[in-house]
file data.cif (mmCIF, C-alpha atoms)
data_structure
#
loop_
_atom_site.label_atom_id
_atom_site.label_comp_id
_atom_site.auth_asym_id
_atom_site.auth_seq_id
_atom_site.Cartn_x
_atom_site.Cartn_y
_atom_site.Cartn_z
CA MET K 992 148.22 137.09 132.47
CA ASN K 993 150.45 138.38 129.68
CA PRO K 994 148.28 140.31 127.20
CA GLY K 995 150.65 139.25 124.46
CA LYS K 996 149.59 135.62 124.87
CA LYS K 997 145.91 136.21 124.07
CA PRO K 998 146.24 135.91 120.27
CA ASP K 999 148.08 132.58 120.66
CA ILE K 1000 145.39 131.25 123.00
CA MET K 1001 142.66 132.42 120.63
CA ASN K 1002 144.41 130.76 117.68
CA ARG K 1003 144.77 127.48 119.57
CA MET K 1004 141.10 127.55 120.55
CA SER K 1005 140.11 128.25 116.95
CA HIS K 1006 142.25 125.41 115.64
CA HIS K 1007 140.84 123.05 118.26
CA THR K 1008 137.27 123.98 117.34
CA CYS K 1009 137.96 123.41 113.64
CA PHE K 1010 139.53 120.05 114.43
CA VAL K 1011 136.48 118.95 116.44
CA ILE K 1012 134.06 120.00 113.69
CA ALA K 1013 136.16 118.22 111.05
CA ALA K 1014 136.24 115.07 113.15
CA MET K 1015 132.46 115.14 113.59
CA LEU K 1016 131.91 115.56 109.86
CA ALA K 1017 134.28 112.70 109.12
CA ALA K 1018 132.41 110.46 111.54
CA VAL K 1019 129.08 111.28 109.91
CA LEU K 1020 130.45 110.60 106.41
CA THR K 1021 132.04 107.34 107.52
CA ALA K 1022 128.79 106.19 109.09
CA GLY K 1023 126.94 107.00 105.89
CA CYS K 1024 129.35 104.92 103.80
CA ALA K 1025 129.04 102.05 106.25
CA GLY K 1026 125.30 101.94 105.69
CA THR K 1027 124.10 102.73 109.18
CA PRO K 1028 120.45 101.85 109.81
CA LEU K 1029 119.55 105.50 110.38
CA THR K 1030 120.29 106.36 106.77
CA PRO K 1031 119.64 103.26 104.59
CA GLY K 1032 120.61 103.90 100.99
CA GLY K 1033 121.94 107.28 102.04
CA ASN K 1034 118.43 108.51 102.83
CA SER K 1035 116.60 108.96 106.12
CA ALA K 1036 113.72 106.54 106.70
CA PRO K 1037 110.47 108.17 107.86
CA PRO K 1038 108.35 106.37 110.45
CA PRO K 1039 106.09 103.68 108.91
CA PRO K 1040 102.44 104.59 108.43
CA GLN K 1041 99.83 103.08 110.71
CA ASN K 1042 98.63 100.62 108.06
CA ALA K 1043 102.09 99.09 107.56
CA VAL K 1044 102.24 95.29 107.63
CA THR K 1045 104.96 93.86 109.85
CA LEU K 1046 106.34 90.69 108.28
CA PRO K 1047 107.09 87.52 110.26
CA GLU K 1048 110.68 87.22 111.45
CA PRO K 1049 112.77 85.66 108.66
CA GLY K 1050 114.35 82.27 109.20
CA PHE K 1051 118.13 82.05 109.40
CA GLU K 1052 118.50 78.27 109.17
CA GLY K 1053 117.10 75.87 106.61
CA ASP K 1054 117.11 72.27 105.48
CA VAL K 1055 118.68 72.99 102.07
CA SER K 1056 122.38 73.78 101.74
CA VAL K 1057 123.69 76.55 99.53
CA GLU K 1058 125.26 73.90 97.30
CA GLU K 1059 121.95 72.07 96.91
CA ALA K 1060 120.11 75.28 96.10
CA LEU K 1061 122.72 76.22 93.48
CA SER K 1062 122.52 72.79 91.88
CA ALA K 1063 118.71 72.67 91.78
CA ARG K 1064 117.99 76.30 90.85
CA ARG K 1065 116.03 76.70 87.63
CA SER K 1066 113.75 79.37 86.20
CA VAL K 1067 110.12 78.49 86.92
CA ARG K 1068 107.32 79.97 84.83
CA VAL K 1069 104.35 77.76 85.78
CA TYR K 1070 102.91 77.89 89.29
CA ALA K 1071 100.41 75.84 91.25
CA GLU K 1072 97.10 77.53 92.02
CA VAL K 1073 97.84 77.87 95.72
CA PRO K 1074 98.36 81.08 97.70
CA LEU K 1075 101.77 82.24 98.82
CA THR K 1076 102.05 82.48 102.58
CA ILE K 1077 103.04 85.77 104.16
CA ASP K 1078 105.94 83.93 105.83
CA ASP K 1079 107.29 82.86 102.45
CA ALA K 1080 106.73 86.32 100.96
CA GLY K 1081 108.65 87.88 103.84
CA GLN K 1082 111.46 85.34 103.50
CA VAL K 1083 112.12 86.02 99.81
CA LEU K 1084 111.89 89.78 100.36
CA TRP K 1085 114.44 89.47 103.16
CA ALA K 1086 116.68 87.44 100.84
CA ALA K 1087 116.53 90.25 98.29
CA GLN K 1088 117.41 93.17 100.59
CA GLY K 1089 117.04 92.21 104.24
CA VAL K 1090 119.24 93.90 106.83
CA THR K 1091 121.74 91.47 108.33
CA ASP K 1092 123.92 93.70 110.48
CA GLU K 1093 123.37 96.44 113.07
CA ARG K 1094 125.39 98.77 110.82
CA GLY K 1095 122.75 98.40 108.10
CA TYR K 1096 124.49 95.93 105.80
CA ARG K 1097 122.15 93.78 103.73
CA THR K 1098 121.88 90.33 102.17
CA ALA K 1099 123.22 91.62 98.84
CA PRO K 1100 126.47 93.58 98.45
CA SER K 1101 126.28 97.22 97.41
CA ALA K 1102 128.97 99.51 96.01
CA GLY K 1103 129.89 101.92 98.77
CA ALA K 1104 127.06 100.48 100.90
CA LEU K 1105 124.79 103.03 99.22
CA TYR K 1106 121.88 100.63 98.57
CA PRO K 1107 120.10 102.08 95.53
CA LEU K 1108 117.63 99.18 95.27
CA GLU K 1109 113.97 99.46 96.20
CA VAL K 1110 111.89 96.27 96.36
CA TYR K 1111 108.13 96.01 95.81
CA LEU K 1112 105.64 93.17 96.09
CA VAL K 1113 102.66 92.97 93.76
CA ALA K 1114 100.41 90.66 95.79
CA GLY K 1115 97.37 88.89 94.40
CA SER K 1116 97.03 85.72 96.44
CA VAL K 1117 99.08 85.94 99.62
CA THR K 1118 97.62 84.66 102.88
CA GLY K 1119 97.44 87.39 105.51
CA LEU K 1120 97.94 90.14 102.92
CA GLU K 1121 95.28 92.05 101.01
CA PRO K 1122 95.81 92.23 97.24
CA GLY K 1123 97.78 95.32 96.34
CA VAL K 1124 101.19 96.82 95.71
CA TYR K 1125 103.56 96.96 98.67
CA HIS K 1126 106.89 98.68 99.24
CA TYR K 1127 109.37 96.61 101.27
CA ARG K 1128 111.16 98.47 104.07
CA PRO K 1129 114.32 96.45 104.87
CA GLY K 1130 115.24 98.29 108.07
CA GLU K 1131 111.98 97.38 109.79
CA HIS K 1132 111.22 94.22 107.71
CA LEU K 1133 107.74 95.43 106.87
CA LEU K 1134 105.51 96.29 103.94
CA VAL K 1135 103.85 99.60 103.22
CA ARG K 1136 100.89 99.46 100.84
CA VAL K 1137 101.23 101.94 98.00
CA GLY K 1138 98.44 100.62 95.75
CA ASP K 1139 95.16 98.79 96.27
CA GLY K 1140 93.67 95.83 94.44
CA ASP K 1141 95.01 92.88 92.46
CA ARG K 1142 97.23 94.40 89.76
CA ARG K 1143 98.78 91.18 88.43
CA ALA K 1144 96.86 91.28 85.13
CA ILE K 1145 97.87 94.84 84.26
CA LEU K 1146 101.44 94.10 85.34
CA GLN K 1147 101.38 91.17 82.90
CA GLU K 1148 100.31 93.55 80.14
CA ALA K 1149 103.25 95.81 81.02
CA ALA K 1150 105.53 92.76 80.76
CA VAL K 1151 104.58 92.04 77.10
CA ASN K 1152 101.90 89.60 78.31
CA GLN K 1153 104.20 87.06 79.92
CA THR K 1154 101.65 84.82 81.63
CA SER K 1155 103.82 83.92 84.62
CA VAL K 1156 103.30 87.45 85.97
CA ALA K 1157 99.54 87.06 86.34
CA ASP K 1158 99.62 83.33 87.15
CA ALA K 1159 101.97 83.65 90.13
CA PRO K 1160 100.38 84.55 93.47
CA ALA K 1161 102.80 87.47 93.76
CA THR K 1162 105.58 89.22 91.88
CA ILE K 1163 108.64 90.84 93.37
CA VAL K 1164 109.76 93.98 91.56
CA ILE K 1165 113.37 95.06 91.97
CA ALA K 1166 113.75 98.75 91.19
CA ALA K 1167 116.49 101.28 91.84
CA VAL K 1168 117.20 104.93 92.53
CA PRO K 1169 120.43 105.17 90.47
CA GLU K 1170 121.36 108.64 91.73
CA ARG K 1171 122.22 107.20 95.14
CA THR K 1172 125.14 105.43 93.48
CA THR K 1173 125.98 107.72 90.56
CA ALA K 1174 126.27 110.69 92.93
CA LYS K 1175 129.46 109.07 94.22
CA TYR K 1176 130.67 106.97 91.27
CA GLY K 1177 129.49 108.98 88.28
CA GLU K 1178 128.46 107.21 85.07
CA ARG K 1179 130.14 103.97 86.17
CA GLY K 1180 127.69 103.85 89.06
CA MET K 1181 125.02 102.67 86.60
CA ARG K 1182 127.04 99.50 86.11
CA TYR K 1183 127.21 99.01 89.88
CA VAL K 1184 123.43 99.40 90.17
CA SER K 1185 122.87 96.70 87.54
CA MET K 1186 125.35 94.41 89.30
CA GLU K 1187 123.53 94.91 92.58
CA ALA K 1188 120.17 94.06 91.05
CA GLY K 1189 121.72 90.82 89.81
CA HIS K 1190 123.01 90.02 93.31
CA ALA K 1191 119.55 90.54 94.81
CA ALA K 1192 117.81 88.52 92.09
CA GLU K 1193 120.10 85.52 92.59
CA ASN K 1194 119.41 85.70 96.32
CA VAL K 1195 115.70 85.43 95.55
CA TYR K 1196 116.33 82.47 93.24
CA LEU K 1197 118.31 80.57 95.89
CA GLN K 1198 115.95 81.43 98.73
CA ALA K 1199 112.97 80.34 96.64
CA GLU K 1200 114.63 77.02 95.90
CA ALA K 1201 115.43 76.50 99.57
CA ILE K 1202 111.76 76.85 100.63
CA ASN K 1203 110.20 74.98 97.70
CA LEU K 1204 109.18 78.00 95.68
CA GLY K 1205 109.93 78.92 92.10
CA THR K 1206 110.71 82.17 90.34
CA VAL K 1207 112.01 83.61 87.09
CA THR K 1208 113.73 86.89 86.26
CA ILE K 1209 111.88 89.02 83.70
CA GLY K 1210 113.56 91.98 82.07
CA ALA K 1211 111.25 92.46 79.09
CA PHE K 1212 108.68 95.06 80.06
CA ASP K 1213 107.57 98.61 79.39
CA ASP K 1214 109.32 100.74 82.01
CA ASP K 1215 106.70 103.49 82.04
CA ALA K 1216 103.84 101.01 82.27
CA VAL K 1217 105.45 99.23 85.22
CA ARG K 1218 106.06 102.60 86.86
CA GLU K 1219 102.37 103.38 86.50
CA VAL K 1220 101.23 100.02 87.92
CA LEU K 1221 103.44 100.45 90.97
CA ALA K 1222 103.05 104.25 91.25
CA LEU K 1223 106.84 104.48 91.38
CA PRO K 1224 108.47 107.83 92.18
CA GLU K 1225 109.93 109.56 89.13
CA GLU K 1226 113.53 108.88 90.18
CA THR K 1227 112.90 105.13 90.58
CA THR K 1228 113.64 102.76 87.69
CA PRO K 1229 112.23 99.19 87.49
CA LEU K 1230 114.91 96.59 86.69
CA TYR K 1231 113.47 93.12 87.31
CA LEU K 1232 110.11 91.41 87.68
CA MET K 1233 110.24 88.12 89.59
CA PRO K 1234 106.98 86.13 89.83
CA VAL K 1235 107.03 83.81 92.85
CA GLY K 1236 104.91 80.76 93.58
CA ARG K 1237 104.80 77.00 94.17
CA PRO K 1238 106.29 75.20 91.16
CA VAL K 1239 104.31 72.60 89.24
CA PRO K 1240 106.49 69.46 88.91
CA GLY K 1241 107.69 68.92 85.37
CA ASN K 1242 107.06 72.50 84.26
CA GLY K 1243 109.83 75.06 83.90
#
call {"tool": "encode", "arguments": {"input": "data.cif", "output": "structure tokens"}}
result
Amino acid sequence: MNPGKKPDIMNRMSHHTCFVIAAMLAAVLTAGCAGTPLTPGGNSAPPPPQNAVTLPEPGFEGDVSVEEALSARRSVRVYAEVPLTIDDAGQVLWAAQGVTDERGYRTAPSAGALYPLEVYLVAGSVTGLEPGVYHYRPGEHLLVRVGDGDRRAILQEAAVNQTSVADAPATIVIAAVPERTTAKYGERGMRYVSMEAGHAAENVYLQAEAINLGTVTIGAFDDDAVREVLALPEETTPLYLMPVGRPVPGNG
């Protein structure tokens, strides 16, 4: 072997190694932007605790068309005194943020597939579910209890005493970790987070209509008080409260 060729061989090997590393990094970054299930919302998902509640498989076909649901959708603030079933609770949670693709894509669009939203269920009267506060995990379609007891009354107080919050058998809370989006898009990312919350809320509206439920979006509440009721992490901001229950005919 010609000793003079060694530097060239070493250089080629070095360049090849750098190319391979760069390609691997690019693949990881691309997967993250595509919303792969391993890193939903750009964050790794720890294994669920032993007391997690696995929700029934959501339905993918219904008797109400999208057009019918759009036409009939109204805000509902008065609910019948009947429990919400765990099947219905799981269905509306899936509509808000359920995973619909093996790459991790969800029912609502997200800027950069970064998924800043976090969804909670404040359950008071849900069959098959103890009263408490639950965090919805889209990837596994399950609930993790983060607070015990029926907290509907104190959540109503946090929502300037809007009675629909305590009257409904359960309330969905749509919250967000804005930094997941602003880390990439800067200040404009806040607009994208608000847009995404609107997408998810409309999904809940339409899904509720399709399965004979009613809901209403509530934005008037004390952020810190809601955080306390749900024991939200410091970086998580509540955006919507959505009471869910059976509508009473003639009452909106």
call {"tool": "residues_around", "arguments": {"input": "data.cif", "residues": "Ala1199 (chain K)", "least_positions_apart": "4", "cutoff": "9 Å", "atoms": "only C-alpha atoms", "output": "ChimeraX atom specification"}}
result
/K:1060,1064,1079,1082-1083,1194-1195,1203-1206,1235-1236
call {"tool": "closest_residue", "arguments": {"input": "data.cif", "among": "K:Ile1209, K:Val1057, K:Val1069, K:Ala1043", "to": "Ala1159 (chain K)", "atoms": "all atoms listed in the file"}}
result
K:Val1069
call {"tool": "atom_distance", "arguments": {"input": "data.cif", "atom1": "CA of Val1220 (chain K)", "atom2": "CA of Met1233 (chain K)"}}
result
15.0 Å
call {"tool": "closest_residue", "arguments": {"input": "data.cif", "among": "K:Ala1149, K:Met1181, K:Ser1056, K:His1132", "to": "Glu1219 (chain K)", "atoms": "only C-alpha atoms"}}
result
K:Ala1149
call {"tool": "closest_residue", "arguments": {"input": "data.cif", "among": "K:Leu1046, K:Leu1084, K:Ala1222, K:Ala1174", "to": "Val1137 (chain K)", "atoms": "all atoms listed in the file"}}
result
K:Ala1222
call {"tool": "resolve_selection", "arguments": {"input": "data.cif", "expression": "the PyMOL selection byres ((chain K and resi 1144) around 12)", "output": "number ranges by chain"}}
result
K: 1113-1115, 1123, 1140-1143, 1145-1162, 1217, 1220
call {"tool": "residues_near_point", "arguments": {"input": "data.cif", "point": "(107.3, 104.2, 89.2)", "cutoff": "12 Å", "atoms": "all atoms listed in the file", "output": "ChimeraX atom specification"}}
result
/K:1109-1111,1124,1126,1137-1138,1164-1168,1213-1230
call {"tool": "closest_atom_pairs", "arguments": {"input": "data.cif", "of": "region 1179-1214 of chain K", "to": "region 1088-1091 of chain K", "cutoff": "12 Å", "atoms": "all atoms listed in the file", "output": "CSV"}}
result
residue,atom,partner,partner_atom,distance
K:Glu1187,CA,K:Gln1088,CA,10.2
K:Ala1188,CA,K:Gln1088,CA,10.0
K:Gly1189,CA,K:Gln1088,CA,11.8
K:His1190,CA,K:Gln1088,CA,9.7
K:Ala1191,CA,K:Gln1088,CA,6.7
K:Ala1192,CA,K:Gln1088,CA,9.7
K:Glu1193,CA,K:Gln1088,CA,11.4
K:Asn1194,CA,K:Gln1088,CA,8.8
K:Val1195,CA,K:Gln1088,CA,9.4
K:Gln1198,CA,K:Gln1088,CA,12.0
